[in-house]
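Below: structure07.cif (mmCIF, C-alpha atoms and all ligand atoms)
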```cif
data_coords
loop_
_atom_site.label_atom_id
_atom_site.label_comp_id
_atom_site.auth_asym_id
_atom_site.auth_seq_id
_atom_site.Cartn_x
_atom_site.Cartn_y
_atom_site.Cartn_z
CA MET B 1065 138.25 -68.09 -2.99
CA GLY B 1066 138.15 -65.56 -0.15
CA LEU B 1067 140.75 -63.19 1.18
CA SER B 1068 144.27 -64.42 1.79
CA ILE B 1069 147.01 -62.45 3.48
CA THR B 1070 150.75 -63.22 3.28
CA PHE B 1071 153.40 -61.46 5.36
CA TRP B 1072 156.55 -60.70 3.33
CA GLY B 1073 157.96 -58.16 5.80
CA VAL B 1074 156.86 -57.62 9.41
CA ARG B 1075 159.63 -55.53 10.95
CA GLY B 1076 159.42 -51.79 11.65
CA THR B 1077 162.00 -49.04 11.27
CA ILE B 1078 164.95 -50.95 9.78
CA PRO B 1079 165.63 -54.47 8.50
CA CYS B 1080 167.20 -56.89 11.00
CA ALA B 1081 169.43 -59.50 9.41
CA LEU B 1082 170.07 -61.25 12.71
CA ALA B 1083 169.87 -64.94 13.59
CA SER B 1084 168.11 -63.88 16.80
CA HIS B 1085 165.24 -62.35 14.75
CA MET B 1086 164.64 -64.97 12.05
CA GLN B 1087 161.67 -66.74 13.65
CA PHE B 1088 159.56 -63.62 13.25
CA GLY B 1089 161.58 -62.14 10.39
CA GLY B 1090 163.87 -59.26 9.53
CA ASN B 1091 162.36 -57.61 6.43
CA THR B 1092 160.37 -54.38 6.73
CA SER B 1093 156.67 -53.86 6.05
CA CYS B 1094 155.18 -55.64 3.05
CA ILE B 1095 151.95 -57.65 2.95
CA GLU B 1096 150.26 -59.36 0.01
CA VAL B 1097 146.47 -59.54 -0.05
CA LYS B 1098 144.79 -61.83 -2.58
CA ALA B 1099 141.11 -61.12 -3.13
CA GLY B 1100 140.08 -63.66 -5.75
CA GLU B 1101 142.25 -62.78 -8.76
CA THR B 1102 143.00 -59.26 -7.49
CA ARG B 1103 146.46 -58.71 -5.99
CA ILE B 1104 147.00 -55.93 -3.50
CA ILE B 1105 150.33 -55.07 -1.90
CA LEU B 1106 150.37 -53.20 1.40
CA ASP B 1107 153.61 -51.21 1.62
CA ALA B 1108 156.90 -51.59 -0.18
CA GLY B 1109 159.38 -52.34 2.59
CA THR B 1110 162.28 -54.72 1.98
CA GLY B 1111 159.88 -57.71 1.96
CA LEU B 1112 158.68 -56.50 -1.46
CA ARG B 1113 161.78 -57.86 -3.22
CA LEU B 1114 160.83 -61.48 -2.49
CA LEU B 1115 157.18 -60.86 -3.31
CA GLY B 1116 158.35 -59.60 -6.72
CA LYS B 1117 160.19 -62.86 -7.31
CA ARG B 1118 157.05 -64.82 -6.40
CA PHE B 1119 154.98 -62.71 -8.81
CA GLN B 1120 157.46 -63.56 -11.57
CA VAL B 1121 157.20 -67.29 -10.83
CA GLU B 1122 153.40 -67.12 -10.75
CA GLU B 1123 153.36 -64.84 -13.83
CA ILE B 1124 151.22 -62.22 -12.10
CA THR B 1125 150.60 -59.35 -14.52
CA LYS B 1126 148.73 -56.81 -12.41
CA ALA B 1127 148.82 -55.44 -8.85
CA THR B 1128 147.85 -52.41 -6.80
CA LEU B 1129 150.29 -51.06 -4.20
CA LEU B 1130 148.62 -49.25 -1.30
CA LEU B 1131 151.17 -47.27 0.72
CA SER B 1132 150.60 -46.40 4.37
CA HIS B 1133 153.20 -43.64 3.96
CA THR B 1134 156.68 -43.08 2.58
CA HIS B 1135 159.08 -43.42 5.50
CA LEU B 1136 162.01 -45.50 4.31
CA ASP B 1137 161.02 -48.74 6.04
CA HIS B 1138 157.83 -48.72 3.90
CA ILE B 1139 159.34 -47.91 0.49
CA SER B 1140 162.94 -49.13 0.43
CA GLY B 1141 161.94 -52.39 -1.30
CA PHE B 1142 160.32 -50.46 -4.15
CA PRO B 1143 163.44 -50.09 -6.37
CA PHE B 1144 163.98 -53.88 -6.06
CA PHE B 1145 160.50 -54.97 -7.22
CA GLY B 1146 161.36 -57.00 -10.32
CA PRO B 1147 157.94 -56.99 -12.06
CA ALA B 1148 158.04 -53.18 -12.27
CA PHE B 1149 160.85 -53.50 -14.83
CA GLN B 1150 158.81 -55.84 -17.11
CA PRO B 1151 156.69 -54.33 -19.94
CA GLY B 1152 153.88 -56.84 -19.41
CA PHE B 1153 153.23 -55.83 -15.82
CA ASN B 1154 150.47 -53.40 -14.84
CA PHE B 1155 151.29 -51.53 -11.63
CA ASN B 1156 148.88 -49.17 -9.85
CA ILE B 1157 150.38 -47.22 -6.94
CA MET B 1158 148.25 -45.30 -4.45
CA ALA B 1159 148.95 -43.16 -1.37
CA GLY B 1160 146.81 -40.93 0.80
CA HIS B 1161 149.19 -39.32 3.28
CA LEU B 1162 150.78 -36.58 1.17
CA ASN B 1163 147.73 -34.32 1.31
CA GLY B 1164 148.68 -32.18 -1.67
CA ARG B 1165 152.05 -31.24 -0.15
CA ASN B 1166 153.70 -33.64 -2.55
CA ASP B 1167 152.73 -36.41 -4.95
CA ILE B 1168 153.54 -40.09 -4.64
CA ARG B 1169 155.25 -40.36 -8.02
CA SER B 1170 157.84 -37.70 -7.24
CA VAL B 1171 158.48 -39.01 -3.71
CA LEU B 1172 159.17 -42.53 -5.02
CA ALA B 1173 161.25 -41.09 -7.88
CA ARG B 1174 163.40 -39.12 -5.43
CA GLN B 1175 164.70 -42.20 -3.60
CA MET B 1176 165.79 -43.60 -7.00
CA GLU B 1177 167.70 -40.49 -8.07
CA ARG B 1178 171.50 -40.30 -8.15
CA PRO B 1179 173.45 -40.31 -5.94
CA LEU B 1180 170.92 -42.14 -3.74
CA PHE B 1181 170.31 -44.93 -6.28
CA PRO B 1182 171.79 -45.60 -9.72
CA VAL B 1183 168.65 -46.78 -11.55
CA PRO B 1184 165.97 -44.08 -11.97
CA LEU B 1185 162.22 -44.65 -11.74
CA LEU B 1186 161.92 -43.97 -15.48
CA THR B 1187 163.64 -47.30 -16.19
CA MET B 1188 160.68 -49.17 -14.68
CA GLY B 1189 159.28 -50.40 -17.98
CA CYS B 1190 155.92 -51.67 -16.78
CA ALA B 1191 152.60 -49.90 -17.31
CA ILE B 1192 152.69 -47.80 -14.15
CA SER B 1193 150.15 -45.38 -12.71
CA PHE B 1194 150.28 -43.21 -9.61
CA GLN B 1195 147.31 -41.95 -7.69
CA ASP B 1196 147.14 -39.66 -4.65
CA PHE B 1197 143.94 -39.59 -2.62
CA LEU B 1198 142.79 -38.04 0.64
CA PRO B 1199 142.72 -40.09 3.84
CA GLY B 1200 139.08 -40.87 4.48
CA ASP B 1201 138.40 -41.59 0.80
CA SER B 1202 136.91 -44.91 -0.31
CA PHE B 1203 137.45 -46.52 -3.69
CA GLY B 1204 136.93 -49.75 -5.59
CA LEU B 1205 139.51 -52.06 -7.15
CA ASP B 1206 139.09 -54.79 -9.78
CA GLY B 1207 137.03 -57.85 -8.96
CA GLY B 1208 134.60 -56.27 -6.51
CA VAL B 1209 137.17 -55.18 -3.92
CA THR B 1210 136.30 -52.13 -1.80
CA VAL B 1211 138.95 -50.08 0.01
CA ARG B 1212 138.15 -47.66 2.83
CA THR B 1213 140.80 -45.41 4.37
CA ALA B 1214 141.43 -43.19 7.40
CA PRO B 1215 144.18 -40.82 8.53
CA LEU B 1216 146.62 -42.10 11.17
CA ASN B 1217 148.57 -40.19 13.82
CA HIS B 1218 152.16 -40.31 12.55
CA PRO B 1219 154.93 -37.78 11.74
CA ASP B 1220 154.43 -36.76 8.05
CA GLY B 1221 151.07 -38.57 8.06
CA ALA B 1222 150.03 -42.14 7.33
CA THR B 1223 146.92 -43.88 6.00
CA GLY B 1224 145.04 -46.82 7.46
CA TYR B 1225 143.27 -49.22 5.09
CA ARG B 1226 140.29 -51.55 5.26
CA ILE B 1227 139.95 -53.98 2.36
CA GLU B 1228 136.60 -55.69 1.84
CA TYR B 1229 135.82 -58.57 -0.48
CA LYS B 1230 132.81 -60.90 -0.57
CA GLY B 1231 131.79 -60.03 2.99
CA LEU B 1232 135.35 -60.58 4.34
CA SER B 1233 137.60 -57.80 5.61
CA VAL B 1234 141.16 -57.02 6.65
CA ALA B 1235 142.44 -53.75 8.13
CA TYR B 1236 146.04 -52.53 7.94
CA ILE B 1237 146.81 -49.90 10.57
CA THR B 1238 150.49 -48.89 10.70
CA ASP B 1239 152.28 -46.55 11.55
CA THR B 1240 150.21 -44.81 14.20
CA GLU B 1241 150.59 -43.39 17.71
CA HIS B 1242 147.78 -43.69 20.23
CA VAL B 1243 146.88 -41.19 22.95
CA PRO B 1244 146.82 -43.21 26.19
CA GLY B 1245 143.28 -43.41 27.55
CA HIS B 1246 141.71 -42.05 24.34
CA PRO B 1247 141.14 -44.75 21.70
CA ASP B 1248 141.54 -43.29 18.20
CA LYS B 1249 138.03 -42.71 16.81
CA ASN B 1250 139.19 -42.75 13.17
CA ILE B 1251 140.71 -46.19 13.69
CA LEU B 1252 137.76 -47.55 15.68
CA GLN B 1253 135.37 -46.55 12.89
CA LEU B 1254 137.55 -48.06 10.19
CA VAL B 1255 138.18 -51.40 11.91
CA GLU B 1256 134.67 -51.94 13.33
CA GLU B 1257 134.00 -55.72 13.28
CA VAL B 1258 136.80 -56.36 10.77
CA ASN B 1259 137.77 -60.04 10.44
CA LEU B 1260 141.51 -59.36 10.74
CA LEU B 1261 143.21 -56.28 12.20
CA ILE B 1262 146.93 -55.82 11.49
CA TYR B 1263 148.12 -53.16 13.96
CA ASP B 1264 151.30 -51.19 14.75
CA THR B 1265 152.49 -52.80 17.98
CA THR B 1266 156.05 -51.51 17.88
CA TYR B 1267 156.25 -50.99 21.65
CA THR B 1268 154.87 -52.31 24.89
CA ASP B 1269 152.88 -50.02 27.22
CA GLU B 1270 155.92 -50.14 29.52
CA GLU B 1271 158.28 -48.91 26.78
CA TYR B 1272 155.90 -46.32 25.35
CA PRO B 1273 156.44 -43.33 27.72
CA SER B 1274 160.11 -43.03 26.73
CA ARG B 1275 159.13 -43.12 23.03
CA ALA B 1276 156.13 -40.78 23.07
CA GLY B 1277 156.00 -38.67 19.91
CA TRP B 1278 157.83 -41.24 17.78
CA GLY B 1279 154.62 -42.20 15.96
CA HIS B 1280 153.97 -45.76 17.11
CA SER B 1281 151.62 -47.74 19.30
CA THR B 1282 151.69 -50.74 21.64
CA TRP B 1283 150.35 -54.28 21.65
CA GLN B 1284 148.21 -53.44 24.68
CA GLU B 1285 146.55 -50.59 22.73
CA GLY B 1286 146.01 -53.05 19.87
CA VAL B 1287 144.17 -55.36 22.27
CA ARG B 1288 142.07 -52.46 23.59
CA LEU B 1289 141.09 -51.33 20.08
CA ALA B 1290 140.37 -54.90 18.96
CA ARG B 1291 138.01 -55.39 21.89
CA LEU B 1292 136.24 -52.04 21.43
CA ALA B 1293 135.77 -52.61 17.70
CA ARG B 1294 134.80 -56.33 18.09
CA VAL B 1295 137.60 -57.41 15.77
CA GLY B 1296 137.81 -61.09 14.76
CA ARG B 1297 141.58 -61.58 15.02
CA LEU B 1298 144.39 -59.22 15.97
CA VAL B 1299 147.82 -59.39 14.32
CA LEU B 1300 150.76 -57.70 16.03
CA PHE B 1301 152.88 -55.97 13.38
CA HIS B 1302 155.79 -53.55 12.71
CA HIS B 1303 158.00 -55.29 15.25
CA GLU B 1304 160.57 -53.14 17.04
CA PRO B 1305 164.11 -54.01 15.79
CA ASP B 1306 165.30 -54.52 19.38
CA HIS B 1307 162.58 -57.13 20.02
CA ASP B 1308 164.28 -60.42 19.23
CA ASP B 1309 162.46 -63.75 18.81
CA VAL B 1310 162.45 -64.45 22.56
CA THR B 1311 160.91 -61.04 23.27
CA MET B 1312 158.38 -61.38 20.44
CA ALA B 1313 157.28 -64.84 21.63
CA ARG B 1314 156.80 -63.45 25.15
CA ILE B 1315 154.77 -60.48 23.85
CA GLU B 1316 152.62 -62.78 21.72
CA ALA B 1317 151.92 -65.09 24.68
CA GLN B 1318 151.03 -62.11 26.91
CA ALA B 1319 148.70 -60.71 24.26
CA GLN B 1320 147.01 -64.10 23.85
CA THR B 1321 146.19 -64.23 27.56
CA MET B 1322 144.27 -60.95 27.11
CA LEU B 1323 142.79 -61.69 23.67
CA PRO B 1324 143.07 -65.35 22.59
CA ASN B 1325 142.63 -64.71 18.85
CA THR B 1326 145.88 -62.76 18.61
CA PHE B 1327 149.20 -63.58 16.98
CA ALA B 1328 152.41 -61.79 16.09
CA ALA B 1329 153.05 -61.60 12.34
CA ARG B 1330 155.80 -63.96 11.12
CA GLU B 1331 157.54 -63.34 7.83
CA GLY B 1332 156.50 -65.92 5.25
CA SER B 1333 153.28 -66.90 7.00
CA SER B 1334 149.83 -66.70 5.43
CA ILE B 1335 146.30 -66.55 6.72
CA VAL B 1336 143.18 -67.32 4.71
CA LEU B 1337 139.88 -65.79 5.80
ZN ZN W 1401 157.38 -47.82 9.86
ZN ZN W 1402 156.67 -44.25 9.70
#
```
Show the structure stored in the file as structure tokens.
Amino acid sequence: MGLSITFWGVRGTIPCALASHMQFGGNTSCIEVKAGETRIILDAGTGLRLLGKRFQVEEITKATLLLSHTHLDHISGFPFFGPAFQPGFNFNIMAGHLNGRNDIRSVLARQMERPLFPVPLLTMGCAISFQDFLPGDSFGLDGGVTVRTAPLNHPDGATGYRIEYKGLSVAYITDTEHVPGHPDKNILQLVEEVNLLIYDTTYTDEEYPSRAGWGHSTWQEGVRLARLARVGRLVLFHHEPDHDDVTMARIEAQAQTMLPNTFAAREGSSIVL
């Protein structure tokens, strides 16, 4: 078995429980990567709750959570991840954006403290470990999985990931802001010839100037990076809450005219490499 990727949450910024958004989905960032028997979770947005239920059905006993960063749309599903409350579950949590200013355990604990949340992190009864690393570090996971990382351009920092398994690769690059006309060298290096690039395409190039400094990129920049780095397939991700299904379908069609192997992530969909 190769690498399989399932989108449990594709929205950026805030969940959108709107009929007009259900084709692409309303939950925030959460992706499941299966590399053989190894389970990796990319971000803990609201999509994580449903992934937890699936893990319970499939009796999954071990997973690694790789966090891009800790803005709320990437961690607000964490307190609702059922397996974390089960003694038989082994949960490894990693983040690279805190750079010694903080540690990932205390940041995740803070959002579960009263009066923000009534159930503290300590009640998570699974075997849980927390690991901070530096963006740019590489490390191995169980089953021959290699993870490479790079720093992204985002307020409070963020980490981009490249996961490699049996010659297959997927890169997860969100949240990040580009500098128009200057492709991000850290990203280009990390995603070079990757099979699948999942990229922060919150805005369009037309919308971007009024949102400069907000920490996000555009689908057109995603296409430019994908071409420069000879990426296999581009996935548009971290959809702007104001982009309803009609808008998202239009963006996806426009992107496909520039780069045919492109699609916009839909909640619940999977891709097998
Ligand atoms: Zn975000
Ligand atoms: Zn963010």
Check your understanding: What do you get as JSON, numbers by chain if you pick all residues at most 10 Å from ligand ZN 1402 (chain W), counting all atoms listed in the file?
Key -> {"B": [1076, 1077, 1132, 1133, 1134, 1135, 1136, 1137, 1138, 1217, 1218, 1219, 1220, 1221, 1222, 1238, 1239, 1240, 1278, 1279, 1280, 1302]}
Point to revise | Counting all atoms listed in the file, the option among B:Asn1325, B:Thr1265, B:Thr1210, B:Ser1202 closest to ligand ZN 1401 (chain W) | key: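 Closest to ligand ZN 1401 (chain W), using all atoms listed in the file: B:Thr1265.
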**Study point:** Neighbour list for Glu1271 (chain B) as a list of chain:residue names, cut-off 12 Å, all atoms listed in the file, skip fewer than 3 positions in-chain
**Key:**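 After dropping sequence-adjacent residues, the list is B:Thr1265, B:Thr1266, B:Tyr1267, B:Thr1268, B:Ser1274, B:Arg1275, B:Ala1276, B:Trp1278, B:His1280, B:Ser1281, B:Thr1282, B:Trp1283, B:Gln1284, B:Glu1304, B:Asp1306, B:His1307.
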Practice item. Tell me which protein, DNA and RNA residues are within 9 Å of Val1295 (chain B), counting only C-alpha atoms, leaving out same-chain ones fewer than 4 positions away, and put them as a ChimeraX atom specification. Key: /B:1255-1261,1289-1291
Revision key, fill the gap. Expressed in Å, the length from CA of Gly1160 (chain B) to CA of Thr1223 (chain B) is 6.0 Å
Counting only C-alpha atoms, which residues have an atom no more than 7 Å from (147.2, -51.1, -4.6) in the file's coordinates? Please list them as a PDB file with C-alpha atoms, in the frame of the given file.
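As a result, selection_17.pdb now contains:
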```pdb
ATOM      1  CA  ILE B1104     147.000 -55.930  -3.500  1.00  0.00           C
ATOM      2  CA  ILE B1105     150.330 -55.070  -1.900  1.00  0.00           C
ATOM      3  CA  ALA B1127     148.820 -55.440  -8.850  1.00  0.00           C
ATOM      4  CA  THR B1128     147.850 -52.410  -6.800  1.00  0.00           C
ATOM      5  CA  LEU B1129     150.290 -51.060  -4.200  1.00  0.00           C
ATOM      6  CA  LEU B1130     148.620 -49.250  -1.300  1.00  0.00           C
ATOM      7  CA  ASN B1156     148.880 -49.170  -9.850  1.00  0.00           C
ATOM      8  CA  ILE B1157     150.380 -47.220  -6.940  1.00  0.00           C
ATOM      9  CA  MET B1158     148.250 -45.300  -4.450  1.00  0.00           C
TER      10      MET B1158
END
```
Check your understanding: Taking only C-alpha atoms and all ligand atoms into account, which of B:Ile1237, B:Ile1168, B:Ile1069, B:Leu1323 comes nearest ligand ZN 1401 (chain W)?
Key -> B:Ile1237
